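Chemist: The structure that follows is given in the form of structure tokens.
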Amino acid sequence: MKHLDAPLHVQGLSQFTDDVRPPRDMVHGVVFGSPVARGVIRALHVEEATASPGVVAVLTAEHIPGNPLFGPIIQDERLLAQDEVAYVGQPLAIVLAETRADAVRARALITAHIDEQEPQFDPRAAYDRGDIIGKPVAFAMGDVDGVWAQCAHVVEGSCSIGGQEHVPLETNRARAFPKEDGQMLIWSSTQSPYAVQRAAAKILGVPENKVEVDVKRLGGGFGGKEDQATHWAVMAAVAARHTARPIEIVLHREEDIRMTGKRHPYESDFKIGLDDDGLILAFEAKHFQNAGAFADLSMPVLERTLFHSTNAYFIPNVRVHAACCRTNLAPNTAFRGFGGPQGMFVIEAAIAKAADAMGLAPDQIQAKNLLRDGDELYYGQKTERCMMRRTWDEAAEAFDLESFRKRAHDFNAANFGVKKGFAVMPVCFGISFTKSFLNQAGALVHVYTDGSVSVTSGGIEMGQGLSTNLQAIAARTFGIDPARVKVEATNTTRVSNMSPSAASATTDLNGNAVIQAVREIRAGLLRVAGELLGAAPDSLTIAHDRVARDGKSTEIDWNRLVSEAYLRRRKLSAYGYYATPNLSFDHATNKGNAFAYHVYGTCITEVSLDCLRGIYTIDSVKVVHDLGRPINELVDLGQVEGGLMQGLGWMTMEDLVWDEKGRYTSGSLSTYKAPDVYFAPDDLDVRFLPFWENEPGPLGAKAVGEPPLMYGIGVYFALQSAIRAFAPDTALVFKTPMTPERALLALHPDWSPSPSADRS
Ligand code: MTE
Ligand code: LUZ
Ligand code: MOS
């Protein structure tokens, strides 16, 4: 089975939020954002814009009908700023006009008088001032302080980890349609229709049942639309209410980059203690998260950093502190990995630095400390069916890890200007929302009398293949041809209170809900078949569109079965519901079963670095990954390759740069470089562990969406080892991304980027 959407995508026929022909009376909205990063609003002049040709209305904070405060965890954000601004691009007004061009022209006529204040961008400084969101959090196990003295080696250091722009092909957008009796229909490119419904209802001042949100598919989300698609959808709804006309808001790329949050940059400190054999005895980390101006999802992102701070290793004594530090950037948000990647980078940096101090290869320390089955993690969960060492051993063997060492050694001895380096990156990532209540899902399944099947779930198709997975799950559970199954748009009137499609858990949760619904309908159908055949229903199954009795095909096919059930007035629809069992994480003690299971894998990355120019190529990336029993192997392979590429981009070329005023100078795709096919490794080899039944997953599958991103971290350490081969005396630096420019400066620490400096 291929990706369900592939034929429509390649013909350009699949419909996204704004691909449906607009109604004739539709109004276009554009958003006026703050020109400054921090200040007090003295006046906002919209009169000229309001009088501009084609303008229908200009909305500001005073036009919000209901409660203006919203946010996913704490409600600290306003749809339109009032009194103060806290980041460049923070929405201040919405210009509504007959055409987008009219709206853009009018927007240029708005003036904001803002008393500027000194903006803050440094999370450590924010922490020192006490400017943090929520409370600092700590996870701990064992006796870290008591163990340092017993360690033969103790190494300390710090990391500076860059953020990342999501760059979905489809920027943020929404349409809102006013309906009778104060009701509102919203089409939104969101990963979280219920977040849109809830926020829209609150801001419009109506009950949630008056807001319907419908989502066909997204042109990518990557976490950027887990919470921050809400703003634009709710603005469209407020404008639709105000004008009584349909509204469309579509962000242009530059607006999207300026106005929405990104992956959180982190500043982190670490301390690691080992014995003479490289066994890690203690680890401590402090994470200062650059949260941006409002809470958004920063607190759960921070929590996932705490969960993944020892990555794939068992360490008996651990203490990790972390805080969300408030700065004047757009609120940073969910991004594939959700804080996990930052936590993992820091432990990998600690291991690299310890290896360097001890004269070992980093992979010797890594291999020694990998998780084993039954290990108790520092947050109190024991690993089960742990595949960590298995993926490492298979990667080391299948790809011949020693050959990487030898190749780098021989090549580097024979070449002056180009050096090779490699690194191994093991990954262990927990599957479940860390807020346990989010681990629930619903699905609605209908069987029509012609035998065709309709499936609606609470999950969003964002390119990751959810519809393909759900189609296969429904078809296999019924025992029918997947071609009979249509996966519908996601709609809040068909499935209620849905969690965001996130945490890699969308197929797990919604697939299991689909299975519940299908099983109920199927059991009723088998009772009908039993009546027709005079057989006990439990001797019957459905396979290949036909009822089978004791494993042998009967004369009753699917279509006949369905029409008989209808004529006998049996239920042909069901609502399935699933809640992940056995989750018990206690946020007071930070101990318990946070995850249904973990995903494991190991990646080896090899690079060649041009040491006179700083440019590099990724020669090969080799992965062994555990999928359990995949629903669709090709879809999962696409997820592994896509996640890996996104991780490689984060570590190498995606450099978010802002000036002293907080304006992104890498604010478009000509200055912010995302990886393309030319940057992809020449040799990309992804292998899977032999398939096995992962019991918590639907049909034995494991989640796959986020974990492969973290394989990308290996490229940083591979580049660093190539730098070291050229310049053995340079200090190890942990500042990402490793752009060619940074690589060049690391290779030649005596050079200076400043033209006035002494270059002798
Ligand atoms: N793949 C594509 N093509 N597009 C996306 O937006 N989002 C990623 C990942 N893979 C994304 C993607 C993120 S951040 C997550 S959490 C998961 O997909 C969400 O889908 P899943 O839960 O079905 O894995
Ligand atoms: N979103 C969320 C997530 O709300 N909670 C999570 O634990 C999570 N994890 C990964 C990605 N998104
Ligand atoms: Mo993904 S960061 O959970 O949307």
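Residue numbering restarts at 1 in every chain; chains get A, B, ... in the order shown in the structure tokens, and ligands count up from 1 in that same order.
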May I have the residues within 8 Å of ligand 1, computed using only C-alpha atoms and all ligand atoms, as a PyMOL selection string?

Modeler: chain A and resi 168+218-224+334-338+459-466+501-508+638-639+642-643+703-706

Chemist: Okay, now the selection with N, CA, C and O atoms, as a CSV table (one decimal), in the first residue's frame?

Modeler:
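Dumped to again.csv:
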```csv
chain,number,residue,atom,x,y,z
A,168,PRO,N,7.0,24.5,7.4
A,168,PRO,CA,6.1,23.6,6.6
A,168,PRO,C,5.8,24.2,5.3
A,168,PRO,O,5.9,25.4,5.1
A,218,LEU,N,-3.0,19.0,6.4
A,218,LEU,CA,-2.0,20.0,6.5
A,218,LEU,C,-0.9,19.8,5.5
A,218,LEU,O,-0.5,18.7,5.3
A,219,GLY,N,-0.4,20.9,5.0
A,219,GLY,CA,0.9,20.8,4.3
A,219,GLY,C,2.1,20.9,5.2
A,219,GLY,O,2.9,21.7,5.1
A,220,GLY,N,2.0,20.0,6.3
A,220,GLY,CA,3.1,20.0,7.3
A,220,GLY,C,2.8,20.8,8.5
A,220,GLY,O,2.1,21.9,8.4
A,221,GLY,N,3.2,20.3,9.6
A,221,GLY,CA,3.0,21.0,10.9
A,221,GLY,C,4.3,21.0,11.7
A,221,GLY,O,4.7,22.1,12.2
A,222,PHE,N,4.8,19.8,11.9
A,222,PHE,CA,6.1,19.6,12.7
A,222,PHE,C,6.1,20.2,14.1
A,222,PHE,O,7.1,20.5,14.6
A,223,GLY,N,4.9,20.4,14.6
A,223,GLY,CA,4.8,21.0,16.0
A,223,GLY,C,4.4,22.5,15.9
A,223,GLY,O,3.8,23.0,16.8
A,224,GLY,N,4.7,23.1,14.8
A,224,GLY,CA,4.4,24.6,14.6
A,224,GLY,C,3.0,24.9,14.7
A,224,GLY,O,2.6,26.0,14.9
A,334,ALA,N,6.1,23.9,20.3
A,334,ALA,CA,6.4,22.5,20.0
A,334,ALA,C,7.2,22.4,18.7
A,334,ALA,O,6.9,23.2,17.7
A,335,PHE,N,8.1,21.5,18.6
A,335,PHE,CA,8.8,21.2,17.3
A,335,PHE,C,9.4,19.8,17.5
A,335,PHE,O,10.1,19.5,18.4
A,336,ARG,N,8.9,18.9,16.6
A,336,ARG,CA,9.4,17.5,16.5
A,336,ARG,C,10.5,17.2,17.5
A,336,ARG,O,11.6,17.6,17.3
A,337,GLY,N,10.1,16.4,18.5
A,337,GLY,CA,11.1,16.0,19.5
A,337,GLY,C,10.8,16.7,20.8
A,337,GLY,O,11.0,16.2,21.9
A,338,PHE,N,10.2,17.9,20.7
A,338,PHE,CA,9.5,18.6,21.9
A,338,PHE,C,10.4,18.7,23.1
A,338,PHE,O,10.0,18.3,24.2
A,459,GLY,N,-7.6,12.5,14.8
A,459,GLY,CA,-6.2,12.8,14.4
A,459,GLY,C,-6.1,13.6,13.1
A,459,GLY,O,-7.1,13.6,12.3
A,460,ILE,N,-5.0,14.2,12.9
A,460,ILE,CA,-4.8,15.1,11.8
A,460,ILE,C,-3.8,14.5,10.8
A,460,ILE,O,-2.7,14.1,11.2
A,461,GLU,N,-4.2,14.5,9.5
A,461,GLU,CA,-3.2,14.2,8.5
A,461,GLU,C,-2.3,15.4,8.2
A,461,GLU,O,-2.9,16.4,7.7
A,462,MET,N,-1.1,15.3,8.5
A,462,MET,CA,-0.2,16.5,8.3
A,462,MET,C,1.0,16.1,7.3
A,462,MET,O,2.0,16.8,7.3
A,463,GLY,N,0.8,15.0,6.6
A,463,GLY,CA,1.8,14.5,5.7
A,463,GLY,C,2.5,13.2,6.3
A,463,GLY,O,3.2,12.5,5.5
A,464,GLN,N,2.2,13.0,7.6
A,464,GLN,CA,2.9,11.9,8.2
A,464,GLN,C,2.3,10.5,7.9
A,464,GLN,O,2.9,9.5,8.2
A,465,GLY,N,1.2,10.5,7.2
A,465,GLY,CA,0.6,9.2,6.8
A,465,GLY,C,-0.5,8.7,7.7
A,465,GLY,O,-0.9,7.5,7.6
A,466,LEU,N,-1.1,9.5,8.5
A,466,LEU,CA,-2.1,9.1,9.4
A,466,LEU,C,-3.3,8.4,8.6
A,466,LEU,O,-3.8,7.4,9.0
A,501,SER,N,-2.8,16.4,17.5
A,501,SER,CA,-2.0,15.4,16.8
A,501,SER,C,-0.6,15.7,17.0
A,501,SER,O,0.0,16.6,16.4
A,502,ALA,N,0.0,14.9,17.9
A,502,ALA,CA,1.4,15.3,18.4
A,502,ALA,C,2.0,14.1,19.2
A,502,ALA,O,1.3,13.1,19.3
A,503,ALA,N,3.2,14.4,19.7
A,503,ALA,CA,3.8,13.4,20.5
A,503,ALA,C,4.0,12.1,19.8
A,503,ALA,O,4.2,11.0,20.5
A,504,SER,N,4.0,12.1,18.5
A,504,SER,CA,4.2,10.8,17.7
A,504,SER,C,3.1,9.8,17.9
A,504,SER,O,3.1,8.7,17.4
A,505,ALA,N,2.1,10.2,18.7
A,505,ALA,CA,1.1,9.2,19.2
A,505,ALA,C,-0.2,9.2,18.4
A,505,ALA,O,-1.2,8.5,18.9
A,506,THR,N,-0.3,9.9,17.3
A,506,THR,CA,-1.6,10.0,16.6
A,506,THR,C,-2.1,8.7,16.1
A,506,THR,O,-3.3,8.4,16.3
A,507,THR,N,-1.3,7.9,15.5
A,507,THR,CA,-1.8,6.6,15.0
A,507,THR,C,-2.0,5.7,16.2
A,507,THR,O,-3.0,4.9,16.2
A,508,ASP,N,-1.1,5.7,17.2
A,508,ASP,CA,-1.3,4.9,18.3
A,508,ASP,C,-2.7,5.1,18.9
A,508,ASP,O,-3.5,4.2,19.2
A,638,GLY,N,9.6,6.8,5.2
A,638,GLY,CA,9.5,8.2,4.9
A,638,GLY,C,9.6,9.0,6.2
A,638,GLY,O,10.3,10.1,6.2
A,639,GLN,N,9.0,8.6,7.3
A,639,GLN,CA,9.2,9.3,8.6
A,639,GLN,C,10.6,9.3,9.1
A,639,GLN,O,11.1,10.3,9.6
A,642,GLY,N,12.6,11.6,6.7
A,642,GLY,CA,12.3,13.0,6.9
A,642,GLY,C,12.7,13.5,8.2
A,642,GLY,O,13.2,14.7,8.3
A,643,GLY,N,12.5,12.8,9.3
A,643,GLY,CA,12.9,13.2,10.6
A,643,GLY,C,14.4,13.4,10.7
A,643,GLY,O,14.9,14.4,11.2
A,703,ALA,N,5.1,4.0,17.4
A,703,ALA,CA,5.2,5.3,16.9
A,703,ALA,C,6.5,5.6,16.2
A,703,ALA,O,7.5,5.0,16.6
A,704,VAL,N,6.5,6.5,15.3
A,704,VAL,CA,7.8,6.7,14.5
A,704,VAL,C,8.0,8.2,14.2
A,704,VAL,O,9.1,8.6,13.8
A,705,GLY,N,7.1,9.1,14.4
A,705,GLY,CA,7.1,10.5,13.9
A,705,GLY,C,8.3,11.3,14.4
A,705,GLY,O,9.0,11.9,13.5
A,706,GLU,N,8.6,11.3,15.6
A,706,GLU,CA,9.7,12.2,16.1
A,706,GLU,C,11.0,11.6,16.3
A,706,GLU,O,12.1,12.2,16.1
```

Chemist: Would you please give, as JSON, numbers by chain, all residues of region 583-756 of chain A that DSSP assigns to helix (DSSP H, G or I) based on the backbone?

Modeler: {"A": [633, 634, 635, 636, 637, 638, 639, 640, 641, 642, 643, 644, 645, 646, 647, 648, 649, 650, 651, 652, 698, 699, 700, 707, 708, 709, 710, 711, 712, 713, 714, 715, 716, 717, 718, 719, 720, 721, 722, 723, 724, 725, 726, 740, 741, 742, 743, 744, 745, 746, 747]}

Chemist: Let's see if you can do this: from backbone DSSP, list all strand (DSSP E) residues in region 227-302 of chain A, as a PyMOL selection string.

Modeler: chain A and resi 247-250+266-274+280-292

Chemist: For region 178-180 of chain A, work out the shell of residues within 10 Å, counting only C-alpha atoms and skipping chain neighbours fewer than 4 positions away, then give it as a list in words.

Modeler: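 Everything that qualifies: Met184, Leu185, Ile186, Lys210, Val211, Ala237, Val238, Ala239, Ala240, Arg241, His242, Thr243, Ala244, Arg245, Pro246 and Ile247 of chain A.
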
Chemist: Those same residues - N, CA and C atoms - I'd like them written as a PDB file, in the first residue's frame.

Modeler:
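Saved as result-v8.pdb:
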```pdb
ATOM      1  N   MET A 184     -20.250  29.339  14.398  1.00  0.00           N
ATOM      2  CA  MET A 184     -19.086  29.614  13.546  1.00  0.00           C
ATOM      3  C   MET A 184     -18.498  28.302  13.045  1.00  0.00           C
ATOM      4  N   LEU A 185     -18.216  28.264  11.718  1.00  0.00           N
ATOM      5  CA  LEU A 185     -17.492  27.127  11.137  1.00  0.00           C
ATOM      6  C   LEU A 185     -16.088  27.609  10.794  1.00  0.00           C
ATOM      7  N   ILE A 186     -15.087  26.864  11.245  1.00  0.00           N
ATOM      8  CA  ILE A 186     -13.694  27.266  10.987  1.00  0.00           C
ATOM      9  C   ILE A 186     -12.960  26.142  10.262  1.00  0.00           C
ATOM     10  N   LYS A 210     -21.072  25.767  19.748  1.00  0.00           N
ATOM     11  CA  LYS A 210     -21.422  26.674  18.641  1.00  0.00           C
ATOM     12  C   LYS A 210     -20.259  26.876  17.674  1.00  0.00           C
ATOM     13  N   VAL A 211     -19.128  26.275  17.967  1.00  0.00           N
ATOM     14  CA  VAL A 211     -17.972  26.409  17.073  1.00  0.00           C
ATOM     15  C   VAL A 211     -17.636  25.034  16.497  1.00  0.00           C
ATOM     16  N   ALA A 237     -12.173  33.942  13.007  1.00  0.00           N
ATOM     17  CA  ALA A 237     -13.514  33.798  13.589  1.00  0.00           C
ATOM     18  C   ALA A 237     -14.014  35.124  14.164  1.00  0.00           C
ATOM     19  N   VAL A 238     -13.138  35.839  14.850  1.00  0.00           N
ATOM     20  CA  VAL A 238     -13.536  37.140  15.416  1.00  0.00           C
ATOM     21  C   VAL A 238     -13.916  38.101  14.273  1.00  0.00           C
ATOM     22  N   ALA A 239     -13.131  38.063  13.206  1.00  0.00           N
ATOM     23  CA  ALA A 239     -13.420  38.943  12.066  1.00  0.00           C
ATOM     24  C   ALA A 239     -14.709  38.531  11.360  1.00  0.00           C
ATOM     25  N   ALA A 240     -14.965  37.238  11.278  1.00  0.00           N
ATOM     26  CA  ALA A 240     -16.201  36.758  10.635  1.00  0.00           C
ATOM     27  C   ALA A 240     -17.412  37.178  11.459  1.00  0.00           C
ATOM     28  N   ARG A 241     -17.278  37.115  12.761  1.00  0.00           N
ATOM     29  CA  ARG A 241     -18.361  37.574  13.633  1.00  0.00           C
ATOM     30  C   ARG A 241     -18.594  39.069  13.426  1.00  0.00           C
ATOM     31  N   HIS A 242     -17.498  39.829  13.362  1.00  0.00           N
ATOM     32  CA  HIS A 242     -17.597  41.291  13.268  1.00  0.00           C
ATOM     33  C   HIS A 242     -18.227  41.729  11.952  1.00  0.00           C
ATOM     34  N   THR A 243     -17.834  41.089  10.857  1.00  0.00           N
ATOM     35  CA  THR A 243     -18.277  41.539   9.530  1.00  0.00           C
ATOM     36  C   THR A 243     -19.473  40.755   9.012  1.00  0.00           C
ATOM     37  N   ALA A 244     -19.823  39.645   9.679  1.00  0.00           N
ATOM     38  CA  ALA A 244     -20.862  38.728   9.195  1.00  0.00           C
ATOM     39  C   ALA A 244     -20.549  38.240   7.778  1.00  0.00           C
ATOM     40  N   ARG A 245     -19.264  38.112   7.458  1.00  0.00           N
ATOM     41  CA  ARG A 245     -18.853  37.590   6.145  1.00  0.00           C
ATOM     42  C   ARG A 245     -17.768  36.534   6.357  1.00  0.00           C
ATOM     43  N   PRO A 246     -17.599  35.607   5.397  1.00  0.00           N
ATOM     44  CA  PRO A 246     -16.497  34.637   5.507  1.00  0.00           C
ATOM     45  C   PRO A 246     -15.157  35.369   5.438  1.00  0.00           C
ATOM     46  N   ILE A 247     -14.194  34.858   6.192  1.00  0.00           N
ATOM     47  CA  ILE A 247     -12.881  35.512   6.281  1.00  0.00           C
ATOM     48  C   ILE A 247     -11.788  34.494   5.974  1.00  0.00           C
TER      49      ILE A 247
END
```

Chemist: What is the CA of Glu284 (chain A)-CA of Arg319 (chain A) distance in Å, reported with one decimal?

Modeler: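 Computing the Euclidean distance for CA of Glu284 (chain A) and CA of Arg319 (chain A) yields 4.8 Å.
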
Chemist: So that I can check the surroundings of Ile161 (chain A), please list as a PyMOL selection string every protein, DNA and RNA residue that reaches within 8 Å of it, counting only C-alpha atoms and ignoring chain neighbours fewer than 3 positions away.

Modeler: chain A and resi 265-267+342+734-737

Chemist: Can you work out the spacing between CA of Ala51 (chain A) and CA of Met26 (chain A) in Å, to one decimal?

Modeler: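 For CA of Ala51 (chain A) relative to CA of Met26 (chain A), the distance reads 19.3 Å.
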
Chemist: I'd like the neighbourhood of Gly451 (chain A) as a list in words, where a residue qualifies if any of its atoms comes within 7 Å (using only C-alpha atoms), though same-chain residues fewer than 5 positions away should be ignored.

Modeler: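 Returned residues: Trp558, Asn559 and Val562 of chain A.
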
Chemist: Could you tell me how far CA of Leu634 (chain A) lies from CA of His3 (chain A), in Å and to one decimal?

Modeler: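 Distance reported for this atom pair: 8.0 Å.
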
Chemist: What's around Val518 (chain A) at 10 Å? Count only C-alpha atoms, leave out sequence neighbours fewer than 6 positions away in its own chain, and write the answer as a list in words.

Modeler: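 My list of contacting residues is Ala443, Leu444, Val445, His446, Val447, Val455, Ile473, Ala474, Ala475, Arg476, Thr477, Phe478, Asn512, Leu572, Ser573, Ala574, Tyr575 and Gly576 of chain A.
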
Chemist: Keeping only N, CA and C atoms, take the residues you just selected and write them out as a compact mmCIF listing (two decimals), in the first residue's frame.

Modeler:
```txt
# COMPACT_ATOMS: atom_id res chain seq x y z
N ALA A 443 -13.01 7.82 17.71
CA ALA A 443 -13.14 7.64 16.25
C ALA A 443 -14.56 7.21 15.93
N LEU A 444 -15.06 7.70 14.82
CA LEU A 444 -16.42 7.39 14.39
C LEU A 444 -16.35 6.62 13.07
N VAL A 445 -16.94 5.43 13.06
CA VAL A 445 -16.89 4.60 11.85
C VAL A 445 -18.31 4.30 11.38
N HIS A 446 -18.55 4.54 10.09
CA HIS A 446 -19.83 4.20 9.47
C HIS A 446 -19.60 3.15 8.39
N VAL A 447 -20.54 2.19 8.29
CA VAL A 447 -20.56 1.32 7.12
C VAL A 447 -21.84 1.66 6.36
N VAL A 455 -14.34 6.60 7.89
CA VAL A 455 -13.65 6.66 9.18
C VAL A 455 -13.32 8.12 9.49
N ILE A 473 -5.64 0.16 9.08
CA ILE A 473 -6.10 -0.40 10.35
C ILE A 473 -7.57 -0.81 10.26
N ALA A 474 -8.41 0.06 9.69
CA ALA A 474 -9.84 -0.25 9.57
C ALA A 474 -10.04 -1.45 8.65
N ALA A 475 -9.36 -1.45 7.51
CA ALA A 475 -9.54 -2.54 6.54
C ALA A 475 -9.10 -3.87 7.13
N ARG A 476 -7.93 -3.90 7.78
CA ARG A 476 -7.45 -5.17 8.33
C ARG A 476 -8.31 -5.64 9.48
N THR A 477 -8.82 -4.72 10.28
CA THR A 477 -9.62 -5.15 11.42
C THR A 477 -10.99 -5.66 10.96
N PHE A 478 -11.53 -5.05 9.90
CA PHE A 478 -12.78 -5.58 9.32
C PHE A 478 -12.53 -6.87 8.53
N ASN A 512 -6.05 2.95 17.67
CA ASN A 512 -6.70 2.08 18.66
C ASN A 512 -8.18 2.42 18.83
N LEU A 572 -24.81 -0.14 12.12
CA LEU A 572 -23.69 -0.13 11.17
C LEU A 572 -22.74 1.05 11.40
N SER A 573 -22.88 1.66 12.55
CA SER A 573 -21.97 2.76 12.93
C SER A 573 -21.53 2.53 14.36
N ALA A 574 -20.33 3.03 14.70
CA ALA A 574 -19.90 2.95 16.10
C ALA A 574 -18.89 4.05 16.39
N TYR A 575 -18.90 4.47 17.64
CA TYR A 575 -17.92 5.44 18.13
C TYR A 575 -16.93 4.67 18.99
N GLY A 576 -15.70 4.66 18.58
CA GLY A 576 -14.67 3.95 19.36
C GLY A 576 -13.94 4.93 20.26
```

Chemist: Using only C-alpha atoms, determine which residues lie at most 12 Å from Arg78 (chain A), disregarding the query and same-chain residues fewer than 3 positions distant; provide the list as a VMD selection string.

Modeler: chain A and resid 60 to 62 64 66 to 71 74 to 75 81 to 86 90 to 93 199 202 to 203 230 to 231 234 to 235 293 to 296

Chemist: I'd like to know which of A:Val624, A:Val36, A:Leu297, A:Cys386 is closest to ligand 3, using only C-alpha atoms and all ligand atoms.

Modeler: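 Among A:Val624, A:Val36, A:Leu297, A:Cys386, it is A:Leu297 that comes nearest to ligand 3.
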
Chemist: With only C-alpha atoms as the atoms that count, which of A:Thr617, A:Gln191, A:Gln364, A:Thr541 lies nearest to Asp557 (chain A)?

Modeler: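 Checking each of A:Thr617, A:Gln191, A:Gln364, A:Thr541 against Asp557 (chain A), counting only C-alpha atoms, the winner is A:Thr541.
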
Chemist: So which one's closest to ligand 3, A:Tyr448, A:Phe433, A:Trp187, A:Phe422? Using only C-alpha atoms and all ligand atoms, please.

Modeler: A:Phe433

Chemist: Find the residue from A:Gly146, A:Pro72, A:Gly551, A:Gly134 that sits nearest to ligand 2; use only C-alpha atoms and all ligand atoms when measuring.

Modeler: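 Smallest separation from ligand 2 among the options: A:Pro72.
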